[in-house]
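Q: So I've got this file, work33.cif, and it contains mmCIF, C-alpha atoms; chains and numbers go by the auth columns:
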data_run
#
loop_
_atom_site.group_PDB
_atom_site.id
_atom_site.type_symbol
_atom_site.label_atom_id
_atom_site.label_comp_id
_atom_site.label_asym_id
_atom_site.label_seq_id
_atom_site.Cartn_x
_atom_site.Cartn_y
_atom_site.Cartn_z
_atom_site.B_iso_or_equiv
_atom_site.auth_seq_id
_atom_site.auth_asym_id
ATOM 1 C CA MET A 1 14.050 -16.782 22.918 0.00 1016 R
ATOM 2 C CA ILE A 2 11.128 -14.380 22.757 0.00 1017 R
ATOM 3 C CA GLU A 3 8.453 -13.630 20.204 0.00 1018 R
ATOM 4 C CA PRO A 4 9.491 -10.830 17.792 0.00 1019 R
ATOM 5 C CA ARG A 5 6.349 -8.873 18.768 0.00 1020 R
ATOM 6 C CA GLU A 6 7.781 -8.357 22.252 0.00 1021 R
ATOM 7 C CA LEU A 7 10.577 -6.204 20.837 0.00 1022 R
ATOM 8 C CA LEU A 8 8.514 -4.719 18.001 0.00 1023 R
ATOM 9 C CA GLY A 9 6.151 -3.345 20.648 0.00 1024 R
ATOM 10 C CA LEU A 10 9.019 -1.128 21.815 0.00 1025 R
ATOM 11 C CA ILE A 11 9.069 0.778 18.516 0.00 1026 R
ATOM 12 C CA PRO A 12 7.532 4.201 19.149 0.00 1027 R
ATOM 13 C CA HIS A 13 4.338 4.632 17.149 0.00 1028 R
ATOM 14 C CA GLY A 14 2.747 8.038 16.776 0.00 1029 R
ATOM 15 C CA LEU A 15 -1.022 8.298 16.521 0.00 1030 R
ATOM 16 C CA TYR A 16 -2.696 9.900 13.543 0.00 1031 R
ATOM 17 C CA LEU A 17 -6.158 10.353 12.077 0.00 1032 R
ATOM 18 C CA ILE A 18 -6.035 9.279 8.453 0.00 1033 R
ATOM 19 C CA GLY A 19 -8.710 10.709 6.174 0.00 1034 R
ATOM 20 C CA VAL A 20 -9.857 9.612 2.741 0.00 1035 R
ATOM 21 C CA ARG A 21 -12.666 10.629 0.411 0.00 1036 R
ATOM 22 C CA SER A 22 -14.383 8.664 -2.326 0.00 1037 R
ATOM 23 C CA GLU A 23 -16.871 10.059 -4.820 0.00 1038 R
ATOM 24 C CA THR A 24 -19.727 9.333 -2.408 0.00 1039 R
ATOM 25 C CA ASN A 25 -18.217 9.026 1.078 0.00 1040 R
ATOM 26 C CA LYS A 26 -15.654 10.387 3.511 0.00 1041 R
ATOM 27 C CA PHE A 27 -13.881 8.246 6.105 0.00 1042 R
ATOM 28 C CA ILE A 28 -11.415 8.779 8.930 0.00 1043 R
ATOM 29 C CA TYR A 29 -9.585 6.259 11.091 0.00 1044 R
ATOM 30 C CA THR A 30 -6.823 6.085 13.680 0.00 1045 R
ATOM 31 C CA GLY A 31 -3.483 4.892 12.363 0.00 1046 R
ATOM 32 C CA SER A 32 -0.147 4.264 14.029 0.00 1047 R
ATOM 33 C CA TRP A 33 2.133 2.556 11.524 0.00 1048 R
ATOM 34 C CA LEU A 34 3.633 5.483 9.642 0.00 1049 R
ATOM 35 C CA THR A 35 7.174 6.611 8.894 0.00 1050 R
ATOM 36 C CA GLN A 36 9.034 8.987 6.612 0.00 1051 R
ATOM 37 C CA ALA A 37 10.531 7.036 3.712 0.00 1052 R
ATOM 38 C CA SER A 38 12.430 9.652 1.638 0.00 1053 R
ATOM 39 C CA PHE A 39 13.587 13.267 1.785 0.00 1054 R
ATOM 40 C CA GLU A 40 13.415 13.892 -1.981 0.00 1055 R
ATOM 41 C CA PRO A 41 10.744 13.448 -2.935 0.00 1056 R
ATOM 42 C CA CYS A 42 9.137 13.734 0.493 0.00 1057 R
ATOM 43 C CA LEU A 43 7.662 10.248 0.945 0.00 1058 R
ATOM 44 C CA ILE A 44 5.927 8.479 3.800 0.00 1059 R
ATOM 45 C CA ALA A 45 5.061 4.812 4.227 0.00 1060 R
ATOM 46 C CA THR A 46 2.021 3.620 6.131 0.00 1061 R
ATOM 47 C CA ALA A 47 0.471 0.212 6.697 0.00 1062 R
ATOM 48 C CA VAL A 48 -3.234 -0.363 6.063 0.00 1063 R
ATOM 49 C CA ARG A 49 -4.973 -3.585 7.143 0.00 1064 R
ATOM 50 C CA ARG A 50 -6.377 -5.364 4.091 0.00 1065 R
ATOM 51 C CA THR A 51 -9.764 -5.917 5.742 0.00 1066 R
ATOM 52 C CA HIS A 52 -10.064 -2.276 6.879 0.00 1067 R
ATOM 53 C CA GLU A 53 -12.634 0.011 5.240 0.00 1068 R
ATOM 54 C CA GLY A 54 -9.937 2.627 4.577 0.00 1069 R
ATOM 55 C CA HIS A 55 -7.858 0.142 2.560 0.00 1070 R
ATOM 56 C CA GLU A 56 -10.064 0.016 -0.524 0.00 1071 R
ATOM 57 C CA MET A 57 -10.989 3.695 -0.268 0.00 1072 R
ATOM 58 C CA ILE A 58 -7.320 4.764 -0.332 0.00 1073 R
ATOM 59 C CA ARG A 59 -6.570 2.342 -3.157 0.00 1074 R
ATOM 60 C CA LYS A 60 -9.385 3.804 -5.290 0.00 1075 R
ATOM 61 C CA ALA A 61 -8.917 7.481 -4.334 0.00 1076 R
ATOM 62 C CA GLY A 62 -5.129 7.471 -4.635 0.00 1077 R
ATOM 63 C CA THR A 63 -4.929 10.261 -2.050 0.00 1078 R
ATOM 64 C CA PHE A 64 -5.393 10.669 1.704 0.00 1079 R
ATOM 65 C CA THR A 65 -4.519 12.948 4.604 0.00 1080 R
ATOM 66 C CA VAL A 66 -2.620 12.324 7.818 0.00 1081 R
ATOM 67 C CA SER A 67 -3.575 14.533 10.783 0.00 1082 R
ATOM 68 C CA PHE A 68 -0.867 14.474 13.472 0.00 1083 R
ATOM 69 C CA LEU A 69 -2.285 14.165 17.010 0.00 1084 R
ATOM 70 C CA GLY A 70 -0.623 15.873 19.959 0.00 1085 R
ATOM 71 C CA LYS A 71 -0.057 14.662 23.500 0.00 1086 R
ATOM 72 C CA GLY A 72 -3.266 15.090 25.444 0.00 1087 R
ATOM 73 C CA GLN A 73 -5.429 14.268 22.410 0.00 1088 R
ATOM 74 C CA LEU A 74 -6.307 10.703 23.378 0.00 1089 R
ATOM 75 C CA GLU A 75 -10.032 11.438 23.059 0.00 1090 R
ATOM 76 C CA LEU A 76 -9.435 12.693 19.528 0.00 1091 R
ATOM 77 C CA ALA A 77 -7.499 9.500 18.714 0.00 1092 R
ATOM 78 C CA LYS A 78 -10.504 7.443 19.889 0.00 1093 R
ATOM 79 C CA VAL A 79 -12.672 9.092 17.203 0.00 1094 R
ATOM 80 C CA GLY A 80 -11.044 6.875 14.583 0.00 1095 R
ATOM 81 C CA PHE A 81 -12.235 3.722 16.348 0.00 1096 R
ATOM 82 C CA GLY A 82 -15.888 4.757 16.682 0.00 1097 R
ATOM 83 C CA ASN A 83 -18.937 3.982 14.597 0.00 1098 R
ATOM 84 C CA PRO A 84 -18.020 5.096 11.032 0.00 1099 R
ATOM 85 C CA GLU A 85 -21.279 7.040 10.641 0.00 1100 R
ATOM 86 C CA ASP A 86 -20.577 9.050 13.819 0.00 1101 R
ATOM 87 C CA ARG A 87 -16.855 9.807 13.458 0.00 1102 R
ATOM 88 C CA PHE A 88 -17.347 13.295 12.031 0.00 1103 R
ATOM 89 C CA GLU A 89 -20.048 14.275 14.539 0.00 1104 R
ATOM 90 C CA GLY A 90 -18.621 17.094 16.697 0.00 1105 R
ATOM 91 C CA LEU A 91 -15.231 16.830 14.958 0.00 1106 R
ATOM 92 C CA ASP A 92 -13.627 20.078 13.742 0.00 1107 R
ATOM 93 C CA TRP A 93 -12.544 19.073 10.231 0.00 1108 R
ATOM 94 C CA LYS A 94 -12.246 20.409 6.712 0.00 1109 R
ATOM 95 C CA ASN A 95 -11.289 19.106 3.285 0.00 1110 R
ATOM 96 C CA CYS A 96 -7.663 19.187 2.192 0.00 1111 R
ATOM 97 C CA PRO A 97 -7.358 21.713 -0.655 0.00 1112 R
ATOM 98 C CA GLU A 98 -5.124 19.360 -2.683 0.00 1113 R
ATOM 99 C CA THR A 99 -6.637 15.914 -2.063 0.00 1114 R
ATOM 100 C CA GLY A 100 -10.212 16.649 -0.976 0.00 1115 R
ATOM 101 C CA ALA A 101 -9.756 14.191 1.882 0.00 1116 R
ATOM 102 C CA PRO A 102 -10.887 15.195 5.380 0.00 1117 R
ATOM 103 C CA LEU A 103 -8.326 16.537 7.857 0.00 1118 R
ATOM 104 C CA VAL A 104 -8.650 17.400 11.546 0.00 1119 R
ATOM 105 C CA VAL A 105 -8.288 21.091 12.399 0.00 1120 R
ATOM 106 C CA ASP A 106 -7.673 20.367 16.117 0.00 1121 R
ATOM 107 C CA ALA A 107 -4.580 18.289 15.276 0.00 1122 R
ATOM 108 C CA LEU A 108 -0.986 19.570 15.367 0.00 1123 R
ATOM 109 C CA GLY A 109 -1.150 19.737 11.583 0.00 1124 R
ATOM 110 C CA TYR A 110 -1.585 17.515 8.572 0.00 1125 R
ATOM 111 C CA ILE A 111 -0.041 16.294 5.354 0.00 1126 R
ATOM 112 C CA GLY A 112 -1.958 15.584 2.161 0.00 1127 R
ATOM 113 C CA CYS A 113 -0.620 12.550 0.339 0.00 1128 R
ATOM 114 C CA GLN A 114 -0.614 11.142 -3.195 0.00 1129 R
ATOM 115 C CA VAL A 115 -0.146 7.357 -3.407 0.00 1130 R
ATOM 116 C CA MET A 116 3.015 6.427 -5.325 0.00 1131 R
ATOM 117 C CA HIS A 117 3.411 2.682 -4.624 0.00 1132 R
ATOM 118 C CA TRP A 118 1.262 -0.060 -3.136 0.00 1133 R
ATOM 119 C CA VAL A 119 3.023 -3.127 -1.693 0.00 1134 R
ATOM 120 C CA GLU A 120 0.884 -6.144 -0.874 0.00 1135 R
ATOM 121 C CA CYS A 121 2.268 -8.079 2.072 0.00 1136 R
ATOM 122 C CA GLY A 122 0.986 -9.913 5.147 0.00 1137 R
ATOM 123 C CA ASP A 123 -2.282 -8.800 6.732 0.00 1138 R
ATOM 124 C CA HIS A 124 -1.442 -5.146 5.976 0.00 1139 R
ATOM 125 C CA ASP A 125 -0.396 -3.507 2.727 0.00 1140 R
ATOM 126 C CA ILE A 126 2.321 -0.864 2.682 0.00 1141 R
ATOM 127 C CA VAL A 127 1.312 2.393 1.016 0.00 1142 R
ATOM 128 C CA VAL A 128 4.131 4.682 -0.075 0.00 1143 R
ATOM 129 C CA ALA A 129 2.880 8.189 -0.716 0.00 1144 R
ATOM 130 C CA GLU A 130 4.290 11.604 -1.512 0.00 1145 R
ATOM 131 C CA ALA A 131 3.441 14.401 0.919 0.00 1146 R
ATOM 132 C CA ILE A 132 2.200 17.032 -1.530 0.00 1147 R
ATOM 133 C CA ILE A 133 0.887 19.590 0.976 0.00 1148 R
ATOM 134 C CA ALA A 134 1.345 20.257 4.683 0.00 1149 R
ATOM 135 C CA GLU A 135 -0.003 22.709 7.208 0.00 1150 R
ATOM 136 C CA SER A 136 0.821 23.237 10.874 0.00 1151 R
ATOM 137 C CA PHE A 137 -2.010 24.351 13.179 0.00 1152 R
ATOM 138 C CA ARG A 138 -0.132 24.467 16.503 0.00 1153 R
ATOM 139 C CA GLU A 139 3.069 23.384 18.193 0.00 1154 R
ATOM 140 C CA GLY A 140 3.306 20.361 20.427 0.00 1155 R
ATOM 141 C CA GLU A 141 4.651 16.852 20.828 0.00 1156 R
ATOM 142 C CA LEU A 142 3.238 13.911 18.898 0.00 1157 R
ATOM 143 C CA LEU A 143 0.872 11.583 20.762 0.00 1158 R
ATOM 144 C CA ASN A 144 2.563 8.206 21.018 0.00 1159 R
ATOM 145 C CA ILE A 145 0.877 4.864 21.591 0.00 1160 R
ATOM 146 C CA HIS A 146 3.052 4.542 24.725 0.00 1161 R
ATOM 147 C CA ASP A 147 1.230 7.640 26.077 0.00 1162 R
ATOM 148 C CA THR A 148 -2.072 5.741 25.982 0.00 1163 R
ATOM 149 C CA PRO A 149 -3.562 2.766 27.840 0.00 1164 R
ATOM 150 C CA TRP A 150 -3.522 0.872 24.522 0.00 1165 R
ATOM 151 C CA THR A 151 -1.079 -1.949 23.824 0.00 1166 R
ATOM 152 C CA TYR A 152 0.695 -2.985 20.683 0.00 1167 R
ATOM 153 C CA SER A 153 -0.874 -6.069 19.133 0.00 1168 R
#
Would you mind writing the structure in this file as structure tokens?

A:
Amino acid sequence: MIEPRELLGLIPHGLYLIGVRSETNKFIYTGSWLTQASFEPCLIATAVRRTHEGHEMIRKAGTFTVSFLGKGQLELAKVGFGNPEDRFEGLDWKNCPETGAPLVVDALGYIGCQVMHWVECGDHDIVVAEAIIAESFREGELLNIHDTPWTYS
């Protein structure tokens, strides 16, 4: 027998920069647990660690953005792991016209999301959200965690 994580690590995980805005702050972080959950309405599901700064901000704001990173954008993906005060320094970003949350202009594109359901479970909560706006900036393939030196853990 093996540990379930050994097989779960084989699941392809795209890399995204997830943006959220509160009344007084903006925040962006790198996320990888995201999937489409419904065609109609157009829903996504993403996992947010309960101890993560973005968790409470998304819960309170009720909206967020997902900027899709392309292959070759590893350095951009690293932005979401940096010092929170420095993450926007040198980053080409703007506010989503529907949610007000920050999005990354250098990404493949983005979706703006409205939280529909919040499921508390494990060390991450599952956020189900409707994609209420989307924009494509360029064509390309999605950056996958398997394209990076990072490991699933």

Q: Name the residues that the PyMOL selection byres ((chain R and resi 1065) around 10) pulls out of this structure, and write them as JSON, numbers by chain.

A: {"R": [1062, 1063, 1064, 1066, 1067, 1068, 1069, 1070, 1071, 1135, 1136, 1137, 1138, 1139, 1140, 1141]}

Q: Residues near Leu1106 in chain R, anyone? I mean within 12 Å using all atoms listed in the file, not counting same-chain ones fewer than 4 positions away, as a short mmCIF file (atom, residue, chain, number, x, y, z; two decimals) with C-alpha atoms, keeping the file's coordinate frame.

A:
data_model
loop_
_atom_site.label_atom_id
_atom_site.label_comp_id
_atom_site.auth_asym_id
_atom_site.auth_seq_id
_atom_site.Cartn_x
_atom_site.Cartn_y
_atom_site.Cartn_z
CA LEU R 1032 -6.16 10.35 12.08
CA ILE R 1043 -11.42 8.78 8.93
CA GLU R 1090 -10.03 11.44 23.06
CA LEU R 1091 -9.44 12.69 19.53
CA ALA R 1092 -7.50 9.50 18.71
CA LYS R 1093 -10.50 7.44 19.89
CA VAL R 1094 -12.67 9.09 17.20
CA GLY R 1095 -11.04 6.88 14.58
CA ASP R 1101 -20.58 9.05 13.82
CA ARG R 1102 -16.86 9.81 13.46
CA PRO R 1117 -10.89 15.20 5.38
CA LEU R 1118 -8.33 16.54 7.86
CA VAL R 1119 -8.65 17.40 11.55
CA VAL R 1120 -8.29 21.09 12.40
CA ASP R 1121 -7.67 20.37 16.12
CA ALA R 1122 -4.58 18.29 15.28
#

Q: Could you pull the residues within 9 Å of Ile1073 in chain R, counting all atoms listed in the file, minus those fewer than 2 positions along the same chain, as a list in words?

A: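 Returned residues: Gly1034, Val1035, Arg1036, Ser1037, Gly1069, His1070, Glu1071, Lys1075, Ala1076, Gly1077, Thr1078, Phe1079 and Val1130 of chain R.
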
Q: Run the PyMOL selection byres ((chain R and resi 1152) around 6) on the file and write out the hits as a ChimeraX atom specification.

A: /R:1123-1124,1151,1153

Q: Which one is closest to Glu1113 in chain R: R:Met1131, R:Leu1089, R:Leu1030, R:Ile1147? Count all atoms listed in the file.

A: R:Ile1147

Q: Out of R:Val1134, R:Met1016, R:Leu1084, R:Val1143, which residue has the shortest atom-to-atom distance to Ser1047 in chain R when counting all atoms listed in the file?

A: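 With all atoms listed in the file as the atom set, the closest residue is R:Leu1084.
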
Q: What is the CA of Tyr1031 in chain R to CA of Thr1163 in chain R distance in Å?

A: 13.1 Å

Q: Could you give me, as a PyMOL selection string, the residues within 7 Å of range 1156-1162 of chain R, counting only C-alpha atoms and dropping anything in the same chain fewer than 3 positions from it?

A: chain R and resi 1027-1030+1083-1086+1165

Q: So the first atom is CA of Thr1061 in chain R and the second is CA of Ala1116 in chain R; what is the distance between them in Å, to one decimal place?

A: 16.4 Å

Q: I need the residue nearest Gly1087 in chain R from this list: R:Pro1056, R:Gly1155, R:Ile1033, R:Thr1114. Use only C-alpha atoms for the distance.

A: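 That would be R:Gly1155, the residue with the smallest distance to Gly1087 in chain R.
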
Q: Return the single residue from R:Gln1088, R:Asn1098, R:Ser1082, R:Gln1129 that is closest to Asn1110 in chain R, with distances computed using only C-alpha atoms.

A: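 Of all the options, R:Ser1082 lies closest to Asn1110 in chain R.
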
Q: Would you compute the distance between CA of Ile1017 in chain R and CA of Ala1060 in chain R? Give it in Å to one decimal.

A: 27.4 Å

Q: Let me know the residues the PyMOL selection byres ((chain R and resi 1149) around 7) catches in the file above, as number ranges by chain.

A: R: 1125-1127, 1148, 1150-1151

Q: Compare R:Thr1166, R:Arg1074, R:Glu1154, R:Glu1145 by their minimum atom-to-atom distance to Glu1055 in chain R, counting all atoms listed in the file, and give me the closest one.

A: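 Among the listed residues, the smallest separation from Glu1055 in chain R belongs to R:Glu1145.
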